[in-house]
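Engineer: Contents of input-v1.txt (compact mmCIF, N, CA and C atoms) are given next:
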```txt
# COMPACT_ATOMS: atom_id res chain seq x y z
N MET A 1490 189.25 83.33 -39.40
CA MET A 1490 188.78 84.14 -40.51
C MET A 1490 187.26 84.01 -40.58
N ASN A 1491 186.55 85.09 -40.79
CA ASN A 1491 185.10 85.08 -40.83
C ASN A 1491 184.64 84.98 -42.28
N TYR A 1492 184.04 83.83 -42.63
CA TYR A 1492 183.54 83.62 -43.98
C TYR A 1492 182.04 83.82 -43.98
N SER A 1493 181.53 84.57 -44.94
CA SER A 1493 180.08 84.64 -45.06
C SER A 1493 179.61 84.45 -46.49
N PRO A 1494 180.13 85.18 -47.48
CA PRO A 1494 179.66 84.94 -48.85
C PRO A 1494 180.10 83.55 -49.33
N PHE A 1495 179.25 82.94 -50.17
CA PHE A 1495 179.61 81.63 -50.70
C PHE A 1495 178.87 81.38 -52.01
N ILE A 1496 179.34 80.39 -52.74
CA ILE A 1496 178.66 79.90 -53.94
C ILE A 1496 178.63 78.37 -53.87
N ASN A 1497 177.59 77.80 -54.46
CA ASN A 1497 177.48 76.34 -54.57
C ASN A 1497 177.61 75.95 -56.03
N LEU A 1498 178.46 74.98 -56.29
CA LEU A 1498 178.64 74.43 -57.63
C LEU A 1498 178.40 72.94 -57.57
N TYR A 1499 177.68 72.42 -58.58
CA TYR A 1499 177.37 70.99 -58.65
C TYR A 1499 178.04 70.42 -59.90
N LEU A 1500 178.95 69.47 -59.69
CA LEU A 1500 179.71 68.88 -60.78
C LEU A 1500 179.04 67.59 -61.23
N ARG A 1501 178.87 67.42 -62.55
CA ARG A 1501 178.20 66.23 -63.10
C ARG A 1501 178.90 64.95 -62.63
N ASP A 1502 180.21 64.93 -62.65
CA ASP A 1502 180.96 63.73 -62.31
C ASP A 1502 181.58 63.86 -60.93
N GLN A 1503 181.88 62.73 -60.36
CA GLN A 1503 182.57 62.75 -59.07
C GLN A 1503 184.04 63.08 -59.32
N LYS A 1504 184.51 64.11 -58.66
CA LYS A 1504 185.91 64.51 -58.72
C LYS A 1504 186.44 64.53 -57.30
N SER A 1505 187.72 64.25 -57.16
CA SER A 1505 188.30 64.21 -55.82
C SER A 1505 188.40 65.63 -55.24
N GLU A 1506 188.26 65.70 -53.94
CA GLU A 1506 188.37 66.98 -53.24
C GLU A 1506 189.73 67.60 -53.47
N GLN A 1507 190.77 66.79 -53.44
CA GLN A 1507 192.13 67.30 -53.62
C GLN A 1507 192.32 67.87 -55.02
N GLU A 1508 191.76 67.21 -56.05
CA GLU A 1508 191.87 67.72 -57.41
C GLU A 1508 191.13 69.04 -57.56
N ILE A 1509 189.95 69.13 -56.95
CA ILE A 1509 189.17 70.36 -57.02
C ILE A 1509 189.93 71.51 -56.37
N ILE A 1510 190.49 71.26 -55.20
CA ILE A 1510 191.26 72.30 -54.51
C ILE A 1510 192.43 72.76 -55.36
N SER A 1511 193.15 71.82 -55.94
CA SER A 1511 194.31 72.15 -56.78
C SER A 1511 193.89 73.02 -57.96
N LYS A 1512 192.81 72.65 -58.64
CA LYS A 1512 192.34 73.43 -59.80
C LYS A 1512 191.85 74.81 -59.37
N LEU A 1513 191.12 74.87 -58.24
CA LEU A 1513 190.63 76.16 -57.77
C LEU A 1513 191.76 77.09 -57.36
N GLU A 1514 192.80 76.55 -56.75
CA GLU A 1514 193.95 77.38 -56.38
C GLU A 1514 194.61 77.94 -57.63
N PHE A 1515 194.70 77.13 -58.68
CA PHE A 1515 195.30 77.60 -59.93
C PHE A 1515 194.42 78.69 -60.56
N ILE A 1516 193.10 78.47 -60.59
CA ILE A 1516 192.17 79.42 -61.21
C ILE A 1516 192.14 80.74 -60.46
N THR A 1517 192.06 80.69 -59.13
CA THR A 1517 191.90 81.91 -58.35
C THR A 1517 193.22 82.55 -57.93
N GLY A 1518 194.29 81.76 -57.89
CA GLY A 1518 195.56 82.27 -57.38
C GLY A 1518 195.56 82.43 -55.87
N LEU A 1519 194.56 81.81 -55.20
CA LEU A 1519 194.41 81.93 -53.75
C LEU A 1519 194.56 80.56 -53.09
N LYS A 1520 195.07 80.54 -51.87
CA LYS A 1520 195.19 79.30 -51.10
C LYS A 1520 193.81 78.89 -50.59
N ILE A 1521 193.56 77.58 -50.62
CA ILE A 1521 192.25 77.04 -50.26
C ILE A 1521 192.43 75.93 -49.25
N ASP A 1522 191.48 75.82 -48.33
CA ASP A 1522 191.49 74.67 -47.44
C ASP A 1522 190.08 74.09 -47.36
N SER A 1523 190.01 72.93 -46.72
CA SER A 1523 188.74 72.25 -46.46
C SER A 1523 188.91 71.47 -45.17
N PHE A 1524 187.85 70.86 -44.74
CA PHE A 1524 187.91 70.06 -43.51
C PHE A 1524 188.96 68.95 -43.64
N ASN A 1525 188.99 68.29 -44.80
CA ASN A 1525 189.92 67.18 -45.02
C ASN A 1525 191.32 67.61 -45.42
N PHE A 1526 191.45 68.83 -45.90
CA PHE A 1526 192.75 69.34 -46.35
C PHE A 1526 193.00 70.73 -45.75
N PRO A 1527 193.32 70.78 -44.46
CA PRO A 1527 193.55 72.07 -43.80
C PRO A 1527 194.78 72.78 -44.38
N ASN A 1528 194.72 74.09 -44.41
CA ASN A 1528 195.83 74.91 -44.89
C ASN A 1528 195.79 76.21 -44.09
N LYS A 1529 196.75 76.39 -43.21
CA LYS A 1529 196.74 77.56 -42.33
C LYS A 1529 196.88 78.87 -43.10
N ASP A 1530 197.34 78.83 -44.35
CA ASP A 1530 197.50 80.03 -45.16
C ASP A 1530 196.30 80.28 -46.09
N ASN A 1531 195.20 79.60 -45.82
CA ASN A 1531 194.06 79.69 -46.73
C ASN A 1531 193.44 81.08 -46.78
N VAL A 1532 192.88 81.39 -47.94
CA VAL A 1532 192.07 82.58 -48.14
C VAL A 1532 190.63 82.15 -48.40
N LEU A 1533 190.46 81.05 -49.16
CA LEU A 1533 189.15 80.49 -49.45
C LEU A 1533 188.99 79.17 -48.70
N HIS A 1534 187.75 78.81 -48.46
CA HIS A 1534 187.45 77.53 -47.82
C HIS A 1534 186.39 76.83 -48.66
N ILE A 1535 186.50 75.52 -48.83
CA ILE A 1535 185.44 74.78 -49.52
C ILE A 1535 184.88 73.68 -48.62
N SER A 1536 183.61 73.40 -48.84
CA SER A 1536 183.02 72.18 -48.30
C SER A 1536 182.74 71.29 -49.50
N TYR A 1537 182.80 70.00 -49.27
CA TYR A 1537 182.76 69.01 -50.34
C TYR A 1537 181.75 67.93 -49.97
N ILE A 1538 180.80 67.66 -50.87
CA ILE A 1538 179.78 66.63 -50.64
C ILE A 1538 179.66 65.77 -51.89
N GLU A 1539 179.56 64.46 -51.67
CA GLU A 1539 179.32 63.53 -52.78
C GLU A 1539 177.87 63.06 -52.73
N PHE A 1540 177.26 62.90 -53.91
CA PHE A 1540 175.90 62.42 -54.04
C PHE A 1540 175.89 61.11 -54.82
N THR A 1541 174.82 60.33 -54.66
CA THR A 1541 174.69 59.08 -55.39
C THR A 1541 173.82 59.23 -56.63
N GLN A 1542 173.09 60.36 -56.73
CA GLN A 1542 172.19 60.57 -57.85
C GLN A 1542 172.49 61.92 -58.53
N GLY A 1543 172.19 61.98 -59.83
CA GLY A 1543 172.33 63.24 -60.56
C GLY A 1543 173.76 63.74 -60.58
N PHE A 1544 173.93 65.03 -60.31
CA PHE A 1544 175.27 65.62 -60.28
C PHE A 1544 175.97 65.08 -59.03
N LYS A 1545 177.14 64.51 -59.22
CA LYS A 1545 177.78 63.67 -58.19
C LYS A 1545 178.54 64.42 -57.11
N THR A 1546 178.95 65.66 -57.38
CA THR A 1546 179.77 66.39 -56.41
C THR A 1546 179.23 67.80 -56.22
N GLU A 1547 179.12 68.20 -54.97
CA GLU A 1547 178.78 69.59 -54.67
C GLU A 1547 179.95 70.21 -53.91
N ILE A 1548 180.35 71.39 -54.35
CA ILE A 1548 181.31 72.15 -53.57
C ILE A 1548 180.70 73.51 -53.25
N SER A 1549 180.94 73.94 -52.05
CA SER A 1549 180.58 75.29 -51.64
C SER A 1549 181.88 76.02 -51.37
N ILE A 1550 182.02 77.19 -51.96
CA ILE A 1550 183.23 77.99 -51.81
C ILE A 1550 182.89 79.20 -50.97
N TYR A 1551 183.64 79.39 -49.88
CA TYR A 1551 183.42 80.49 -48.95
C TYR A 1551 184.62 81.43 -48.99
N TRP A 1552 184.37 82.73 -48.81
CA TRP A 1552 185.45 83.69 -48.78
C TRP A 1552 185.13 84.80 -47.79
N PRO A 1553 186.15 85.51 -47.34
CA PRO A 1553 185.91 86.64 -46.43
C PRO A 1553 185.22 87.78 -47.18
N THR A 1554 184.42 88.54 -46.46
CA THR A 1554 183.63 89.61 -47.09
C THR A 1554 184.49 90.66 -47.79
N ASN A 1555 185.73 90.84 -47.36
CA ASN A 1555 186.57 91.85 -48.01
C ASN A 1555 186.95 91.46 -49.44
N LEU A 1556 186.64 90.22 -49.86
CA LEU A 1556 186.91 89.79 -51.24
C LEU A 1556 185.67 89.79 -52.12
N ASN A 1557 184.56 90.32 -51.61
CA ASN A 1557 183.30 90.32 -52.38
C ASN A 1557 183.45 90.93 -53.76
N ASN A 1558 184.23 91.97 -53.90
CA ASN A 1558 184.38 92.64 -55.20
C ASN A 1558 185.41 91.97 -56.09
N ILE A 1559 186.10 90.96 -55.57
CA ILE A 1559 187.13 90.27 -56.33
C ILE A 1559 186.67 88.91 -56.81
N ILE A 1560 185.93 88.17 -55.98
CA ILE A 1560 185.50 86.83 -56.32
C ILE A 1560 184.38 86.89 -57.36
N ASN A 1561 184.56 86.18 -58.46
CA ASN A 1561 183.57 86.11 -59.53
C ASN A 1561 183.16 84.65 -59.69
N GLY A 1562 182.02 84.30 -59.09
CA GLY A 1562 181.56 82.92 -59.11
C GLY A 1562 181.32 82.38 -60.49
N TYR A 1563 180.78 83.20 -61.37
CA TYR A 1563 180.53 82.76 -62.75
C TYR A 1563 181.83 82.39 -63.45
N TYR A 1564 182.84 83.22 -63.31
CA TYR A 1564 184.16 82.94 -63.88
C TYR A 1564 184.73 81.64 -63.30
N ILE A 1565 184.63 81.48 -61.99
CA ILE A 1565 185.14 80.27 -61.33
C ILE A 1565 184.42 79.04 -61.88
N ALA A 1566 183.10 79.10 -62.01
CA ALA A 1566 182.34 77.96 -62.53
C ALA A 1566 182.78 77.59 -63.94
N GLN A 1567 182.91 78.59 -64.80
CA GLN A 1567 183.33 78.33 -66.19
C GLN A 1567 184.74 77.74 -66.25
N GLU A 1568 185.67 78.35 -65.53
CA GLU A 1568 187.05 77.88 -65.58
C GLU A 1568 187.22 76.51 -64.94
N LEU A 1569 186.48 76.26 -63.86
CA LEU A 1569 186.57 74.95 -63.21
C LEU A 1569 185.98 73.87 -64.11
N SER A 1570 184.92 74.19 -64.83
CA SER A 1570 184.33 73.26 -65.79
C SER A 1570 185.37 72.87 -66.84
N CYS A 1571 186.12 73.84 -67.32
CA CYS A 1571 187.17 73.56 -68.31
C CYS A 1571 188.32 72.76 -67.69
N ALA A 1572 188.76 73.18 -66.52
CA ALA A 1572 189.91 72.55 -65.88
C ALA A 1572 189.64 71.09 -65.52
N LEU A 1573 188.41 70.79 -65.11
CA LEU A 1573 188.06 69.42 -64.73
C LEU A 1573 187.37 68.65 -65.84
N ASN A 1574 187.08 69.34 -66.95
CA ASN A 1574 186.37 68.75 -68.08
C ASN A 1574 185.06 68.10 -67.62
N VAL A 1575 184.24 68.90 -66.93
CA VAL A 1575 182.98 68.40 -66.38
C VAL A 1575 181.93 69.51 -66.42
N PRO A 1576 180.68 69.18 -66.79
CA PRO A 1576 179.61 70.18 -66.70
C PRO A 1576 179.36 70.57 -65.25
N ILE A 1577 179.08 71.85 -65.03
CA ILE A 1577 178.83 72.36 -63.68
C ILE A 1577 177.50 73.11 -63.67
N LEU A 1578 176.68 72.78 -62.69
CA LEU A 1578 175.37 73.36 -62.49
C LEU A 1578 175.46 74.38 -61.36
N PHE A 1579 174.80 75.53 -61.54
CA PHE A 1579 174.76 76.53 -60.47
C PHE A 1579 173.50 77.37 -60.62
N ASP A 1580 173.10 78.00 -59.52
CA ASP A 1580 171.91 78.84 -59.62
C ASP A 1580 172.31 80.29 -59.92
N ALA A 1581 171.32 81.08 -60.27
CA ALA A 1581 171.56 82.45 -60.74
C ALA A 1581 172.09 83.38 -59.66
N SER A 1582 172.18 82.90 -58.42
CA SER A 1582 172.73 83.77 -57.38
C SER A 1582 174.18 84.13 -57.66
N LEU A 1583 174.85 83.39 -58.57
CA LEU A 1583 176.20 83.79 -58.97
C LEU A 1583 176.18 85.14 -59.66
N PHE A 1584 175.06 85.48 -60.29
CA PHE A 1584 174.91 86.78 -60.95
C PHE A 1584 174.19 87.78 -60.07
N ASP A 1585 173.12 87.30 -59.40
CA ASP A 1585 172.23 88.19 -58.65
C ASP A 1585 171.63 87.40 -57.50
N CYS A 1586 171.94 87.78 -56.27
CA CYS A 1586 171.49 87.01 -55.11
C CYS A 1586 169.97 87.00 -54.97
N ASN A 1587 169.26 87.87 -55.68
CA ASN A 1587 167.80 87.91 -55.61
C ASN A 1587 167.13 87.33 -56.85
N ALA A 1588 167.90 86.66 -57.71
CA ALA A 1588 167.35 86.17 -58.98
C ALA A 1588 166.44 84.96 -58.76
N VAL A 1589 165.18 85.10 -59.17
CA VAL A 1589 164.23 84.00 -59.17
C VAL A 1589 163.34 84.14 -60.41
N SER A 1590 162.72 83.04 -60.80
CA SER A 1590 161.83 83.08 -61.95
C SER A 1590 160.51 83.75 -61.57
N ILE A 1591 159.63 83.92 -62.53
CA ILE A 1591 158.34 84.57 -62.30
C ILE A 1591 157.53 83.81 -61.24
N ASP A 1592 157.63 82.47 -61.24
CA ASP A 1592 156.87 81.69 -60.26
C ASP A 1592 157.61 81.51 -58.93
N GLY A 1593 158.74 82.21 -58.77
CA GLY A 1593 159.45 82.19 -57.49
C GLY A 1593 160.51 81.13 -57.34
N ASP A 1594 160.70 80.30 -58.38
CA ASP A 1594 161.73 79.26 -58.32
C ASP A 1594 163.11 79.85 -58.62
N ASP A 1595 164.14 79.18 -58.14
CA ASP A 1595 165.50 79.59 -58.48
C ASP A 1595 165.73 79.38 -59.97
N ILE A 1596 166.57 80.22 -60.55
CA ILE A 1596 166.96 80.09 -61.95
C ILE A 1596 168.31 79.38 -61.96
N TRP A 1597 168.44 78.36 -62.81
CA TRP A 1597 169.64 77.53 -62.84
C TRP A 1597 170.32 77.59 -64.21
N PHE A 1598 171.66 77.42 -64.18
CA PHE A 1598 172.46 77.41 -65.39
C PHE A 1598 173.40 76.22 -65.38
N LEU A 1599 173.76 75.80 -66.57
CA LEU A 1599 174.74 74.73 -66.76
C LEU A 1599 175.85 75.30 -67.62
N THR A 1600 177.09 75.18 -67.13
CA THR A 1600 178.23 75.57 -67.93
C THR A 1600 179.04 74.32 -68.25
N ASN A 1601 179.48 74.26 -69.49
CA ASN A 1601 180.29 73.14 -69.94
C ASN A 1601 181.35 73.68 -70.88
N ASN A 1602 182.57 73.78 -70.39
CA ASN A 1602 183.67 74.31 -71.19
C ASN A 1602 183.33 75.66 -71.80
N ARG A 1603 182.87 76.57 -70.96
CA ARG A 1603 182.55 77.96 -71.27
C ARG A 1603 181.25 78.15 -72.07
N ASN A 1604 180.53 77.07 -72.37
CA ASN A 1604 179.20 77.21 -72.95
C ASN A 1604 178.21 77.29 -71.81
N LEU A 1605 177.24 78.19 -71.92
CA LEU A 1605 176.30 78.42 -70.84
C LEU A 1605 174.88 78.30 -71.37
N LYS A 1606 174.04 77.56 -70.62
CA LYS A 1606 172.62 77.51 -70.97
C LYS A 1606 171.79 77.44 -69.71
N GLN A 1607 170.59 78.03 -69.78
CA GLN A 1607 169.67 77.98 -68.66
C GLN A 1607 168.98 76.61 -68.67
N VAL A 1608 168.80 76.03 -67.49
CA VAL A 1608 168.19 74.71 -67.37
C VAL A 1608 167.18 74.71 -66.22
N SER A 1609 166.35 73.69 -66.22
CA SER A 1609 165.45 73.43 -65.10
C SER A 1609 166.00 72.24 -64.33
N VAL A 1610 165.82 72.25 -63.03
CA VAL A 1610 166.39 71.19 -62.20
C VAL A 1610 165.31 70.46 -61.43
N LYS A 1611 165.67 69.27 -61.00
CA LYS A 1611 164.82 68.52 -60.08
C LYS A 1611 165.69 68.11 -58.91
N ILE A 1612 165.11 68.20 -57.72
CA ILE A 1612 165.80 67.79 -56.50
C ILE A 1612 165.52 66.30 -56.30
N LEU A 1613 166.56 65.53 -56.10
CA LEU A 1613 166.46 64.09 -55.93
C LEU A 1613 166.60 63.73 -54.45
N ASP A 1614 166.38 62.46 -54.14
CA ASP A 1614 166.56 62.01 -52.75
C ASP A 1614 167.98 62.26 -52.26
N ASP A 1615 168.96 62.04 -53.14
CA ASP A 1615 170.35 62.25 -52.77
C ASP A 1615 171.09 62.97 -53.89
N GLY A 1616 170.66 64.19 -54.16
CA GLY A 1616 171.35 64.97 -55.19
C GLY A 1616 170.42 65.91 -55.93
N ILE A 1617 170.91 66.39 -57.05
CA ILE A 1617 170.19 67.33 -57.89
C ILE A 1617 170.52 66.97 -59.34
N ASP A 1618 169.59 67.18 -60.25
CA ASP A 1618 169.83 66.87 -61.66
C ASP A 1618 169.06 67.85 -62.51
N ILE A 1619 169.38 67.89 -63.79
CA ILE A 1619 168.63 68.74 -64.71
C ILE A 1619 167.50 67.93 -65.32
N LEU A 1620 166.40 68.62 -65.63
CA LEU A 1620 165.29 67.98 -66.32
C LEU A 1620 165.65 67.82 -67.79
N SER A 1621 165.34 66.70 -68.34
CA SER A 1621 165.66 66.45 -69.76
C SER A 1621 164.61 67.01 -70.67
```
Would you give me this structure, written as structure tokens?

Structural biologist:
Amino acid sequence: MNYSPFINLYLRDQKSEQEIISKLEFITGLKIDSFNFPNKDNVLHISYIEFTQGFKTEISIYWPTNLNNIINGYYIAQELSCALNVPILFDASLFDCNAVSIDGDDIWFLTNNRNLKQVSVKILDDGIDILS
């Protein structure tokens, strides 16, 4: 399967890859696989990374281009935040792939149980975090 579109989500807390896959399958109604959890019937694929600083888990969700009009990254971020009870950080590319601030930086948002606010981020040695 040829995957090209994707979204990156950063979870405040460390969550297991298996739990994330289970929640995403429930939210999307689609089969998901990853390197550690192969599934020959998959429609979506995730990559999973753990960090030692800031937001502890990054997942990237990939899908085939024929699902571009069906996959809603913003909805997935909000619902996954609720399902895992964890704040999730993402950039504005979930809304607009060309979204940047006036100074050319990416625009970032934090969702926490369906509450959404714009935030500023800092890149760490091993992770990403929001500026306080």

Engineer: Using Å and a single decimal, report how far atom C of Ile1509 in chain A sits from CA of Pro1576 in chain A.

Structural biologist: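 Distance between the two atoms: 14.7 Å.
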
Engineer: One decimal, Å: what's the distance from atom N of Asp1580 in chain A over to atom N of Asn1557 in chain A, could you say?

Structural biologist: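 That distance, rounded to one decimal, is 18.6 Å.
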
Engineer: Using all atoms listed in the file, which residues sit within 8 Å of Val1608 in chain A once same-chain residues fewer than 4 positions away are excluded, as a PyMOL selection string?

Structural biologist: chain A and resi 1595-1599+1619-1620

Engineer: So what do you get for atom N of Arg1603 in chain A versus atom N of Cys1571 in chain A, distance-wise?

Structural biologist: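 A separation of 5.6 Å between them.
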
Engineer: So that I can see what lies close to Gly1616 in chain A, please list as a list in words the residues with an atom at most 7 Å from it, counting only N, CA and C atoms and leaving out residues fewer than 3 positions away in the same chain.

Structural biologist: Phe1540, Thr1541, Gln1542, Gly1543, Phe1544, Lys1611, Ile1612 and Leu1613 of chain A

Engineer: Could you pull the residues within 10 Å of Ile1516 in chain A, counting only C-alpha atoms, minus those fewer than 3 positions along the same chain, as a VMD selection string?

Structural biologist: chain A and resid 1510 to 1513 1519 1564 to 1565 1568 to 1569 1572

Engineer: Using only C-alpha atoms for the distances, tell me which of A:Leu1605, A:Leu1533, A:Leu1500, A:Ile1559 is nearest to Lys1545 in chain A.

Structural biologist: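 Checking each candidate against Lys1545 in chain A, we get A:Leu1500 as the closest.
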
Engineer: Run DSSP on the backbone and grab whatever in chain A lands in strand (DSSP E or B); send it over as a PyMOL selection string.

Structural biologist: chain A and resi 1492-1500+1521-1522+1533-1539+1542-1543+1546-1553+1577-1580+1589+1595+1597-1601+1604-1608+1610-1613+1616-1619

Engineer: Give me, as a PyMOL selection string, the residues of chain A that a backbone DSSP run labels helix (DSSP H, G or I).

Structural biologist: chain A and resi 1506-1517+1554-1556+1562-1573+1581-1583

Engineer: In the coordinate frame of the file, compute which residues have an atom within 6 Å of (187.2, 75.8, -44.4) when using only N, CA and C atoms, and state them as a ChimeraX atom specification.

Structural biologist: /A:1522-1524,1533-1535
